[in-house]
Amino acid sequence: MVDRKILIGFTLILGFMTARHQMSAAHTEKRVELIVFAASSLADAFQAIGRDFDTANQDIHVTYNFAGSQQLLQQIVQGAPVDVFAPASRKQIDAAVASDQIDSSSVETFAHNRLVVIVPKKNDAGLKSLHDLARPNLKIVLADKAVPAGQYTVEFLDRFSRGRSADKQFKEDVLKNVVSYEENVRAVLSKVVIGEADAGIVYTSDISRDTAHRIDRISIPDSLNVIGDYPIALSKNAKHRDAAQRFVEYILSANGQATLSEFGLLPAAAPAKR
Amino acid sequence: MDRAGWMLLLASLPLLLFLAVPLLALILRTSSGDVLITLFDSSVADAIKLSIVTTLITAGITVCAGTPLAYLLARRKFIGRTIVDVLIDLPIVLPPSVAGIALLIAFGRRGLLGAALHNLQVDIPFTEIAVILAQLFVASPFFIKSAAAGFATVDRDLEQAAAIDGASPSKIFWTVTLPLSLPSVAGGVVMTWARALGEFGATIIFAGNFPGRTQTMPLAIYMGFEIDLRVALTLALILLILSFLILATVKGLLRRRIALFN
């Protein structure tokens, strides 16, 4: 019995020692870990920016949490550790400010995004124009209205229906074709890329170099398009405020903006057409 | 309880509490007013109805198609038996999202089998059938494993005695083998049903999310978490109570049955 107690005690001590050792190991590697919560539509662009930023700042390492903006908001409200918050619309920033998690004076718009209709390269349904989306018996996949892309999509459909009187039924007819409301905009892209959906509506920035040759685009004119603003802000509880500030500055810098436009986002300086 | 029993209980307490606390939080966080309001929300009612109908169909198909397979595994030695066995284990250990992608590239209209079906004007993704197939894929192995284990423990002498008395193989199965292995078989049905009820990852990928058609309770809970937390909490609570009641009832019934046998 005594032997067993000693053994258990020994195991516990060993466990603590290993844990302490790991902690001090993390400490000696002097990079601070900057935690950025960003909308899934920013994933590709932000990963590229993170690599550049890490190289330029040897004392910082950026770690991302990409998810739907609303889900990120819920995590922040519930107290998840975060330094920088970059959702896909102002709504989530405002909600985070209201719950006293985000510093309202730090909010800046760093990019804009626009919607585009995509169809599979092997376009069996033969969709060529926006009007074709209202044809019966199509399979259209949209983002759910829980995420900004879904809200912008509804707004686009509304604008189209308000345009000419002949198009009054447009929104209703398109919605009849919807087979799924995806929980994030990337899932819409995937279902069009593999050809399970006849069409989908995504952000221009969602189309990466890999997927670009597997789909065709039907562009939405500026007058109908909803230009989304991407805000970025610092957390009130940011552990590394200085590093967070530098990250935001980098995104607004010429280098950061150039990377963003490489990934199909419109730079912050470009006038947001309404 | 003896002294050792109390010691065991003390040692079990941390994990037991850890399992219970999140469920308790869910119950405490949900107000009965919210439950009533959201219950009358048609999309919530749709999700509950869809979940119950699809999971019952899944459980039914599993029993019909899974019983011969379970019996085969329990009673026959054949080449490739290990491979079949592992194949049945795989859906249990695979992430459900893998199952969803696999189903999509198999039964999607550009898929391995789906392309042929598409030519026959049958499209499976984004339909109730896709919901059922997703559940069947991830949940049926639980029944097969449990039933096979049950069949394997039945005393062969009893079956042989029945055969000597002139009973046909099917009569032996229904009157000897099945009653003796009933706890495992029924337990397997419940496990499959419960797993199907909680199925999320494969469903959202293969069947998509469309209220009233493919939005089951777990999907409605996930989407509700992003739009209306009350909906999510209410549905989560209903799912919790439903699962608890069914599991408790079946376990209680089985225990009484086993007690009767002894």
# chains A, B, ... in the order shown; residues from 1 in each chain; ligands from 1
>>> interface_residues(of="chain A", to="chain B", cutoff="6 Å", atoms="only C-alpha atoms", output="PyMOL selection string")
chain A and resi 70-71+146+179-181
>>> write_last_selection(atoms="C-alpha atoms", output="short mmCIF file (atom, residue, chain, number, x, y, z; two decimals), in the first residue's frame")
data_model
loop_
_atom_site.label_atom_id
_atom_site.label_comp_id
_atom_site.auth_asym_id
_atom_site.auth_seq_id
_atom_site.Cartn_x
_atom_site.Cartn_y
_atom_site.Cartn_z
CA GLN A 70 -21.37 34.94 -35.84
CA GLN A 71 -19.73 31.91 -34.29
CA ALA A 146 -26.80 33.56 -40.13
CA VAL A 179 -31.52 23.18 -51.98
CA SER A 180 -29.30 24.14 -49.06
CA TYR A 181 -28.38 27.11 -46.88
#
>>> select_by_dssp(residues="segment 43-145 of chain B", states="alpha helix (DSSP H)", output="number ranges by chain")
B: 43-75, 81-93, 96-107, 114-119, 128-145
>>> write_last_selection(atoms="C-alpha atoms", output="PDB file, in the first residue's frame")
ATOM      1  CA  SER B  43     -38.847  25.505 -38.128  1.00  0.00           C
ATOM      2  CA  VAL B  44     -38.194  24.022 -34.684  1.00  0.00           C
ATOM      3  CA  ALA B  45     -41.219  21.721 -34.986  1.00  0.00           C
ATOM      4  CA  ASP B  46     -40.069  20.755 -38.489  1.00  0.00           C
ATOM      5  CA  ALA B  47     -36.616  19.862 -37.212  1.00  0.00           C
ATOM      6  CA  ILE B  48     -38.013  17.687 -34.430  1.00  0.00           C
ATOM      7  CA  LYS B  49     -40.384  15.906 -36.801  1.00  0.00           C
ATOM      8  CA  LEU B  50     -37.691  15.348 -39.426  1.00  0.00           C
ATOM      9  CA  SER B  51     -35.257  14.002 -36.837  1.00  0.00           C
ATOM     10  CA  ILE B  52     -37.759  11.543 -35.391  1.00  0.00           C
ATOM     11  CA  VAL B  53     -38.999  10.256 -38.766  1.00  0.00           C
ATOM     12  CA  THR B  54     -35.545   9.863 -40.330  1.00  0.00           C
ATOM     13  CA  THR B  55     -33.966   8.209 -37.282  1.00  0.00           C
ATOM     14  CA  LEU B  56     -36.831   5.702 -36.994  1.00  0.00           C
ATOM     15  CA  ILE B  57     -36.402   4.787 -40.678  1.00  0.00           C
ATOM     16  CA  THR B  58     -32.640   4.488 -40.145  1.00  0.00           C
ATOM     17  CA  ALA B  59     -33.159   2.202 -37.154  1.00  0.00           C
ATOM     18  CA  GLY B  60     -35.657   0.095 -39.150  1.00  0.00           C
ATOM     19  CA  ILE B  61     -33.339  -0.334 -42.141  1.00  0.00           C
ATOM     20  CA  THR B  62     -30.446  -1.130 -39.807  1.00  0.00           C
ATOM     21  CA  VAL B  63     -32.367  -3.939 -38.089  1.00  0.00           C
ATOM     22  CA  CYS B  64     -33.587  -5.489 -41.356  1.00  0.00           C
ATOM     23  CA  ALA B  65     -30.285  -5.300 -43.234  1.00  0.00           C
ATOM     24  CA  GLY B  66     -27.953  -5.501 -40.253  1.00  0.00           C
ATOM     25  CA  THR B  67     -29.280  -8.638 -38.559  1.00  0.00           C
ATOM     26  CA  PRO B  68     -28.150 -11.098 -41.279  1.00  0.00           C
ATOM     27  CA  LEU B  69     -24.751  -9.395 -41.341  1.00  0.00           C
ATOM     28  CA  ALA B  70     -24.421  -9.571 -37.558  1.00  0.00           C
ATOM     29  CA  TYR B  71     -25.419 -13.261 -37.604  1.00  0.00           C
ATOM     30  CA  LEU B  72     -22.938 -13.982 -40.387  1.00  0.00           C
ATOM     31  CA  LEU B  73     -20.122 -12.342 -38.417  1.00  0.00           C
ATOM     32  CA  ALA B  74     -21.055 -14.194 -35.232  1.00  0.00           C
ATOM     33  CA  ARG B  75     -21.496 -17.656 -36.711  1.00  0.00           C
ATOM     34  CA  ARG B  81     -13.898 -11.844 -42.253  1.00  0.00           C
ATOM     35  CA  THR B  82     -11.369  -9.539 -40.569  1.00  0.00           C
ATOM     36  CA  ILE B  83     -11.679  -7.058 -43.409  1.00  0.00           C
ATOM     37  CA  VAL B  84     -15.466  -7.051 -43.096  1.00  0.00           C
ATOM     38  CA  ASP B  85     -15.109  -6.614 -39.350  1.00  0.00           C
ATOM     39  CA  VAL B  86     -12.771  -3.641 -39.736  1.00  0.00           C
ATOM     40  CA  LEU B  87     -15.013  -2.153 -42.427  1.00  0.00           C
ATOM     41  CA  ILE B  88     -17.862  -2.104 -39.917  1.00  0.00           C
ATOM     42  CA  ASP B  89     -15.641  -0.496 -37.271  1.00  0.00           C
ATOM     43  CA  LEU B  90     -14.461   2.262 -39.585  1.00  0.00           C
ATOM     44  CA  PRO B  91     -17.574   4.486 -39.589  1.00  0.00           C
ATOM     45  CA  ILE B  92     -17.421   4.481 -35.778  1.00  0.00           C
ATOM     46  CA  VAL B  93     -13.894   5.863 -35.666  1.00  0.00           C
ATOM     47  CA  PRO B  96     -18.411  12.206 -39.535  1.00  0.00           C
ATOM     48  CA  SER B  97     -17.220  14.911 -41.934  1.00  0.00           C
ATOM     49  CA  VAL B  98     -15.164  12.247 -43.716  1.00  0.00           C
ATOM     50  CA  ALA B  99     -18.320  10.152 -43.987  1.00  0.00           C
ATOM     51  CA  GLY B 100     -20.161  13.152 -45.451  1.00  0.00           C
ATOM     52  CA  ILE B 101     -17.528  13.810 -48.100  1.00  0.00           C
ATOM     53  CA  ALA B 102     -17.293  10.099 -48.941  1.00  0.00           C
ATOM     54  CA  LEU B 103     -21.068   9.847 -49.339  1.00  0.00           C
ATOM     55  CA  LEU B 104     -21.105  12.962 -51.505  1.00  0.00           C
ATOM     56  CA  ILE B 105     -18.461  11.674 -53.897  1.00  0.00           C
ATOM     57  CA  ALA B 106     -20.155   8.261 -54.003  1.00  0.00           C
ATOM     58  CA  PHE B 107     -23.811   9.232 -54.290  1.00  0.00           C
ATOM     59  CA  GLY B 114     -24.582   8.875 -58.156  1.00  0.00           C
ATOM     60  CA  ALA B 115     -23.756   9.633 -61.792  1.00  0.00           C
ATOM     61  CA  ALA B 116     -25.675   6.554 -62.934  1.00  0.00           C
ATOM     62  CA  LEU B 117     -28.550   7.421 -60.609  1.00  0.00           C
ATOM     63  CA  HIS B 118     -28.553  10.960 -61.985  1.00  0.00           C
ATOM     64  CA  ASN B 119     -29.083   9.546 -65.469  1.00  0.00           C
ATOM     65  CA  GLU B 128     -34.411  13.416 -46.915  1.00  0.00           C
ATOM     66  CA  ILE B 129     -32.906  10.244 -48.399  1.00  0.00           C
ATOM     67  CA  ALA B 130     -29.460  11.803 -48.007  1.00  0.00           C
ATOM     68  CA  VAL B 131     -30.253  12.496 -44.351  1.00  0.00           C
ATOM     69  CA  ILE B 132     -31.159   8.831 -43.832  1.00  0.00           C
ATOM     70  CA  LEU B 133     -28.100   7.541 -45.734  1.00  0.00           C
ATOM     71  CA  ALA B 134     -25.806   9.750 -43.640  1.00  0.00           C
ATOM     72  CA  GLN B 135     -27.357   8.390 -40.442  1.00  0.00           C
ATOM     73  CA  LEU B 136     -27.231   4.819 -41.726  1.00  0.00           C
ATOM     74  CA  PHE B 137     -23.537   5.147 -42.557  1.00  0.00           C
ATOM     75  CA  VAL B 138     -22.417   6.450 -39.172  1.00  0.00           C
ATOM     76  CA  ALA B 139     -24.958   4.702 -36.924  1.00  0.00           C
ATOM     77  CA  SER B 140     -25.664   1.196 -38.273  1.00  0.00           C
ATOM     78  CA  PRO B 141     -22.281  -0.257 -37.160  1.00  0.00           C
ATOM     79  CA  PHE B 142     -23.316   0.174 -33.528  1.00  0.00           C
ATOM     80  CA  PHE B 143     -26.207  -2.259 -34.020  1.00  0.00           C
ATOM     81  CA  ILE B 144     -24.162  -4.723 -36.083  1.00  0.00           C
ATOM     82  CA  LYS B 145     -21.374  -4.897 -33.493  1.00  0.00           C
TER      83      LYS B 145
END
>>> closest_residue(among="B:Pro218, B:Ala161, B:Leu182, B:Ser170", to="Ala147 of chain B", atoms="only C-alpha atoms")
B:Leu182
>>> closest_residue(among="A:Ile93, A:Ile102, A:Ala48, A:Leu127", to="Leu234 of chain A", atoms="only C-alpha atoms")
A:Ile102
>>> residues_around(residues="segment 25-38 of chain B", least_positions_apart="4", cutoff="7 Å", atoms="only C-alpha atoms", output="list in words")
Val21, Val44, Arg230, Val231, Leu233, Thr234 and Leu237 of chain B
>>> residues_around(residues="Ala38 of chain A", least_positions_apart="6", cutoff="7 Å", atoms="only C-alpha atoms", output="VMD selection string")
chain A and resid 65 to 67 85 to 87
>>> atom_distance(atom1="atom CA of Gly5 of chain B", atom2="atom CA of Lys251 of chain B")
22.8 Å
>>> atom_distance(atom1="atom CA of Leu15 of chain B", atom2="atom CA of Leu253 of chain B")
26.8 Å
>>> atom_distance(atom1="atom CA of Ala243 of chain A", atom2="atom CA of Gln47 of chain A")
16.8 Å
>>> closest_atom_pairs(of="segment 79-158 of chain A", to="segment 189-193 of chain A", cutoff="9 Å", atoms="only C-alpha atoms", output="JSON lines")
{"residue": "A:Ile118", "atom": "CA", "partner": "A:Val192", "partner_atom": "CA", "distance": 7.3}
{"residue": "A:Val119", "atom": "CA", "partner": "A:Val192", "partner_atom": "CA", "distance": 6.3}
{"residue": "A:Pro120", "atom": "CA", "partner": "A:Val192", "partner_atom": "CA", "distance": 5.6}
{"residue": "A:Lys121", "atom": "CA", "partner": "A:Val193", "partner_atom": "CA", "distance": 8.0}
{"residue": "A:Ile140", "atom": "CA", "partner": "A:Val192", "partner_atom": "CA", "distance": 8.8}
{"residue": "A:Val141", "atom": "CA", "partner": "A:Lys191", "partner_atom": "CA", "distance": 7.6}
>>> write_last_selection(atoms="N, CA, C and O atoms", output="compact mmCIF listing (two decimals), in the first residue's frame")
# COMPACT_ATOMS: atom_id res chain seq x y z
N ILE A 118 -21.34 31.83 -58.98
CA ILE A 118 -20.43 30.85 -59.57
C ILE A 118 -21.21 29.63 -60.04
O ILE A 118 -22.22 29.26 -59.45
N VAL A 119 -20.72 29.05 -61.13
CA VAL A 119 -21.31 27.81 -61.67
C VAL A 119 -20.16 26.83 -61.93
O VAL A 119 -19.03 27.26 -62.15
N PRO A 120 -20.43 25.52 -61.90
CA PRO A 120 -19.35 24.57 -62.19
C PRO A 120 -18.85 24.75 -63.62
O PRO A 120 -19.61 25.15 -64.50
N LYS A 121 -17.58 24.47 -63.83
CA LYS A 121 -17.00 24.58 -65.18
C LYS A 121 -17.83 23.75 -66.17
O LYS A 121 -18.14 24.21 -67.26
N ILE A 140 -29.62 25.35 -56.43
CA ILE A 140 -28.80 26.48 -56.03
C ILE A 140 -28.46 26.35 -54.55
O ILE A 140 -29.30 25.97 -53.74
N VAL A 141 -27.20 26.63 -54.21
CA VAL A 141 -26.77 26.59 -52.81
C VAL A 141 -26.36 27.99 -52.40
O VAL A 141 -25.59 28.65 -53.10
>>> residues_around(residues="Ala258 of chain A", least_positions_apart="2", cutoff="12 Å", atoms="only C-alpha atoms", output="ChimeraX atom specification")
/A:45-46,48-49,52,110-111,250-256,260-269
>>> select_by_dssp(residues="segment 58-198 of chain A", states="strand (DSSP E or B)", output="ChimeraX atom specification")
/A:60-67,84-86,102,108-113,115-120,140-143,178-182
>>> closest_residue(among="A:Ser129, A:Gln101, A:Ser235, A:Gln92", to="Ile218 of chain A", atoms="only C-alpha atoms")
A:Ser129
>>> residues_around(residues="His112 of chain A", least_positions_apart="2", cutoff="12 Å", atoms="only C-alpha atoms", output="ChimeraX atom specification")
/A:41-42,87-90,108-110,114-115,203-205,225-232,257,260-261,263-274
